[in-house]
Amino acid sequence: GRQAMAAWLGVVLCGFSPRAATWRMQKSASPTGPVMCSMGSALSRREASLIASTCLLAQQVAPAEATEYPRAVIETTEGSMEFELWDDVAPKHVQNFLTLAKQGFFDGQAFHRIIPGFVIQGGDPNTKVGYGPAGTLDGADKSKVRMWGRGGPGYTIAAEFSERLHEFGVLSMARSADPDSAGSQFFVCLGRLQSLDNKYTVFGRLIKGDDVLRKIGAAKTATGDLPVVRQGIQRIDRL
C-alpha cells in the first residue's frame, strides 16, 4: 500500500512509471535549486518528501478564489442592465453609488447624453423633467433641458483612478475639469476608450444586458448629444 502510493506520487510529481517504486525525492546542492529525483530504498524518507512536494504543488496550482463584487441593476425604459461594482479599486465611488441608489436618488432620471460608439451618460437629477408630453424633445421645456448635465448630489468625491480599462460595458464616473469633482453622474462605455484611462474613475462592469446597452447607445440624438426620445432610468437597486 505505501509503496503503491509512493509510486503514484512519483508519477504525479516526476513523470516516472508506476513500476519504479524505489524512486525518491532529493534536493539539489543549491538551497534554491529544483527538486530532483534519484534512486533509493528508504521508503519513509521518499514518502515524506513526495507528500511534502505534493502539498507544495497543490498550493501552486490551486485556482484563486473569484472576487465577489457587489452588484446592482439599472432598470431602464429599454430593459435591465446588471453590473458588478469594483469596490476593490474604487470603494468610495461604489459606496456612494449604492447609497444614492438606496435613497432613490436615480429614480425617474434619464440618460441625457448619448454618443454612439462612445458613452451613454446619466445620474443627473435635473433630467427628471424637461421632455415634452410625449417623452420626446418635441414640446420640451428648453430652460430645463439646458440644465441637464449640471446636476449632482450636492457634494463631490475624490478621484480613485486605477489601471482598469475603459472598455465596452465599463461603468465610470463623469466629472468636470477637476479630477475630484465626481458626484452622481456616471457613464457606460460603448467601446474601448483608451483616451479615458487613468483620467476617470472606473468602478464597475456590465455583466448582463449587453443588448439593452447597445439599444440605448444607438438611440437617435439631437444637437448636444441629447436623446430625441427619452431613455429613462426607472430605478437602480442593489442585488
# chains A, B, ... in the order shown; residues from 1 in each chain; ligands from 1

$ residues_around --residues "Gly132 (chain A)" --least-positions-apart "3" --cutoff "10 Å" --atoms "only C-alpha atoms" --output "JSON, numbers by chain"
{"A": [129, 135, 136, 137, 138, 139, 140, 141, 142, 229, 230]}

$ residues_around --residues "Pro116 (chain A)" --least-positions-apart "4" --cutoff "9 Å" --atoms "only C-alpha atoms" --output "PyMOL selection string"
chain A and resi 120+190+217-219

$ write_last_selection --atoms "C-alpha atoms" --output "compact mmCIF listing (two decimals), in the first residue's frame"
# COMPACT_ATOMS: atom_id res chain seq x y z
CA ILE A 120 -24.27 56.83 -22.55
CA LEU A 190 -19.86 51.71 -25.74
CA GLY A 217 -26.38 53.59 -27.30
CA ALA A 218 -27.98 53.58 -30.76
CA ALA A 219 -30.79 55.99 -29.85

$ closest_residue --among "A:Glu163, A:Asp225, A:Asp211, A:Asp237" --to "Glu78 (chain A)" --atoms "only C-alpha atoms"
A:Asp211

$ residues_around --residues "Ile114 (chain A)" --least-positions-apart "4" --cutoff "10 Å" --atoms "only C-alpha atoms" --output "PyMOL selection string"
chain A and resi 118-122+187-188+190+216-222+224-227+231

$ select_by_dssp --residues "region 68-229 of chain A" --states "alpha helix (DSSP H)" --output "number ranges by chain"
A: 91-102, 142-145, 210-217

$ write_last_selection --atoms "N, CA, C and O atoms" --output "short mmCIF file (atom, residue, chain, number, x, y, z; two decimals), in the first residue's frame"
data_model
loop_
_atom_site.label_atom_id
_atom_site.label_comp_id
_atom_site.auth_asym_id
_atom_site.auth_seq_id
_atom_site.Cartn_x
_atom_site.Cartn_y
_atom_site.Cartn_z
N PRO A 91 -13.58 51.99 -3.86
CA PRO A 91 -14.53 51.73 -2.77
C PRO A 91 -15.44 52.92 -2.44
O PRO A 91 -16.62 52.73 -2.15
N LYS A 92 -14.91 54.14 -2.49
CA LYS A 92 -15.72 55.31 -2.15
C LYS A 92 -16.80 55.56 -3.20
O LYS A 92 -17.93 55.91 -2.87
N HIS A 93 -16.46 55.36 -4.45
CA HIS A 93 -17.42 55.58 -5.52
C HIS A 93 -18.51 54.50 -5.53
O HIS A 93 -19.68 54.80 -5.78
N VAL A 94 -18.11 53.27 -5.26
CA VAL A 94 -19.09 52.19 -5.18
C VAL A 94 -20.06 52.44 -4.03
O VAL A 94 -21.28 52.31 -4.19
N GLN A 95 -19.53 52.80 -2.87
CA GLN A 95 -20.38 53.06 -1.72
C GLN A 95 -21.31 54.23 -1.99
O GLN A 95 -22.51 54.18 -1.65
N ASN A 96 -20.82 55.26 -2.63
CA ASN A 96 -21.66 56.42 -2.95
C ASN A 96 -22.77 56.03 -3.91
O ASN A 96 -23.93 56.42 -3.73
N PHE A 97 -22.43 55.26 -4.94
CA PHE A 97 -23.42 54.82 -5.93
C PHE A 97 -24.53 54.01 -5.28
O PHE A 97 -25.72 54.23 -5.53
N LEU A 98 -24.14 53.07 -4.41
CA LEU A 98 -25.13 52.22 -3.74
C LEU A 98 -25.97 53.02 -2.75
O LEU A 98 -27.17 52.76 -2.60
N THR A 99 -25.36 53.97 -2.07
CA THR A 99 -26.09 54.80 -1.11
C THR A 99 -27.15 55.65 -1.83
O THR A 99 -28.30 55.72 -1.40
N LEU A 100 -26.74 56.27 -2.94
CA LEU A 100 -27.69 57.08 -3.71
C LEU A 100 -28.82 56.22 -4.27
O LEU A 100 -29.99 56.62 -4.27
N ALA A 101 -28.47 55.02 -4.71
CA ALA A 101 -29.49 54.11 -5.24
C ALA A 101 -30.50 53.74 -4.16
O ALA A 101 -31.71 53.73 -4.40
N LYS A 102 -30.00 53.45 -2.96
CA LYS A 102 -30.89 53.09 -1.85
C LYS A 102 -31.81 54.24 -1.48
O LYS A 102 -32.97 54.03 -1.09
N LYS A 142 -37.21 73.97 -22.84
CA LYS A 142 -35.80 74.24 -23.14
C LYS A 142 -35.02 74.77 -21.95
O LYS A 142 -33.82 74.49 -21.82
N SER A 143 -35.67 75.51 -21.07
CA SER A 143 -34.96 76.03 -19.91
C SER A 143 -34.52 74.90 -18.98
O SER A 143 -33.46 74.98 -18.35
N LYS A 144 -35.34 73.87 -18.91
CA LYS A 144 -34.98 72.71 -18.07
C LYS A 144 -33.98 71.81 -18.78
O LYS A 144 -33.08 71.24 -18.15
N VAL A 145 -34.14 71.67 -20.09
CA VAL A 145 -33.20 70.85 -20.86
C VAL A 145 -31.78 71.42 -20.75
O VAL A 145 -30.80 70.68 -20.68
N ASP A 210 -26.22 43.34 -22.35
CA ASP A 210 -25.49 43.96 -23.47
C ASP A 210 -26.44 44.52 -24.52
O ASP A 210 -26.20 45.59 -25.08
N ASP A 211 -27.52 43.78 -24.79
CA ASP A 211 -28.46 44.21 -25.82
C ASP A 211 -29.14 45.52 -25.44
O ASP A 211 -29.40 46.38 -26.29
N VAL A 212 -29.42 45.68 -24.14
CA VAL A 212 -30.05 46.92 -23.67
C VAL A 212 -29.09 48.09 -23.84
O VAL A 212 -29.47 49.17 -24.32
N LEU A 213 -27.85 47.90 -23.46
CA LEU A 213 -26.84 48.96 -23.60
C LEU A 213 -26.68 49.35 -25.07
O LEU A 213 -26.63 50.54 -25.39
N ARG A 214 -26.61 48.37 -25.95
CA ARG A 214 -26.45 48.67 -27.38
C ARG A 214 -27.67 49.42 -27.92
O ARG A 214 -27.53 50.32 -28.76
N LYS A 215 -28.85 49.05 -27.45
CA LYS A 215 -30.07 49.71 -27.93
C LYS A 215 -30.10 51.17 -27.49
O LYS A 215 -30.40 52.06 -28.29
N ILE A 216 -29.79 51.42 -26.22
CA ILE A 216 -29.74 52.81 -25.74
C ILE A 216 -28.65 53.58 -26.46
O ILE A 216 -28.83 54.75 -26.84
N GLY A 217 -27.51 52.93 -26.65
CA GLY A 217 -26.38 53.59 -27.30
C GLY A 217 -26.64 53.93 -28.76
O GLY A 217 -25.91 54.75 -29.34
#

$ residues_around --residues "Ser176 (chain A)" --least-positions-apart "5" --cutoff "10 Å" --atoms "only C-alpha atoms" --output "number ranges by chain"
A: 150, 181-182

$ write_last_selection --atoms "all heavy atoms" --output "JSON list (two decimals), in the first residue's frame"
[["chain", "number", "residue", "atom", "x", "y", "z"],
["A", 150, "ARG", "N", -25.81, 69.23, -15.44],
["A", 150, "ARG", "CA", -25.24, 70.13, -14.44],
["A", 150, "ARG", "C", -25.59, 69.72, -13.00],
["A", 150, "ARG", "O", -25.11, 70.34, -12.05],
["A", 150, "ARG", "CB", -25.74, 71.56, -14.68],
["A", 150, "ARG", "CG", -25.40, 72.10, -16.06],
["A", 150, "ARG", "CD", -25.86, 73.54, -16.21],
["A", 150, "ARG", "NE", -25.62, 74.06, -17.55],
["A", 150, "ARG", "CZ", -25.86, 75.31, -17.93],
["A", 150, "ARG", "NH1", -26.35, 76.18, -17.05],
["A", 150, "ARG", "NH2", -25.62, 75.69, -19.16],
["A", 181, "SER", "N", -14.13, 66.07, -8.88],
["A", 181, "SER", "CA", -15.45, 66.71, -8.96],
["A", 181, "SER", "C", -16.60, 65.75, -9.23],
["A", 181, "SER", "O", -17.74, 66.18, -9.43],
["A", 181, "SER", "CB", -15.43, 67.78, -10.05],
["A", 181, "SER", "OG", -15.12, 67.21, -11.31],
["A", 182, "ALA", "N", -16.36, 64.44, -9.22],
["A", 182, "ALA", "CA", -17.44, 63.47, -9.47],
["A", 182, "ALA", "C", -18.43, 63.50, -8.31],
["A", 182, "ALA", "O", -18.06, 63.73, -7.16],
["A", 182, "ALA", "CB", -16.87, 62.08, -9.64]]
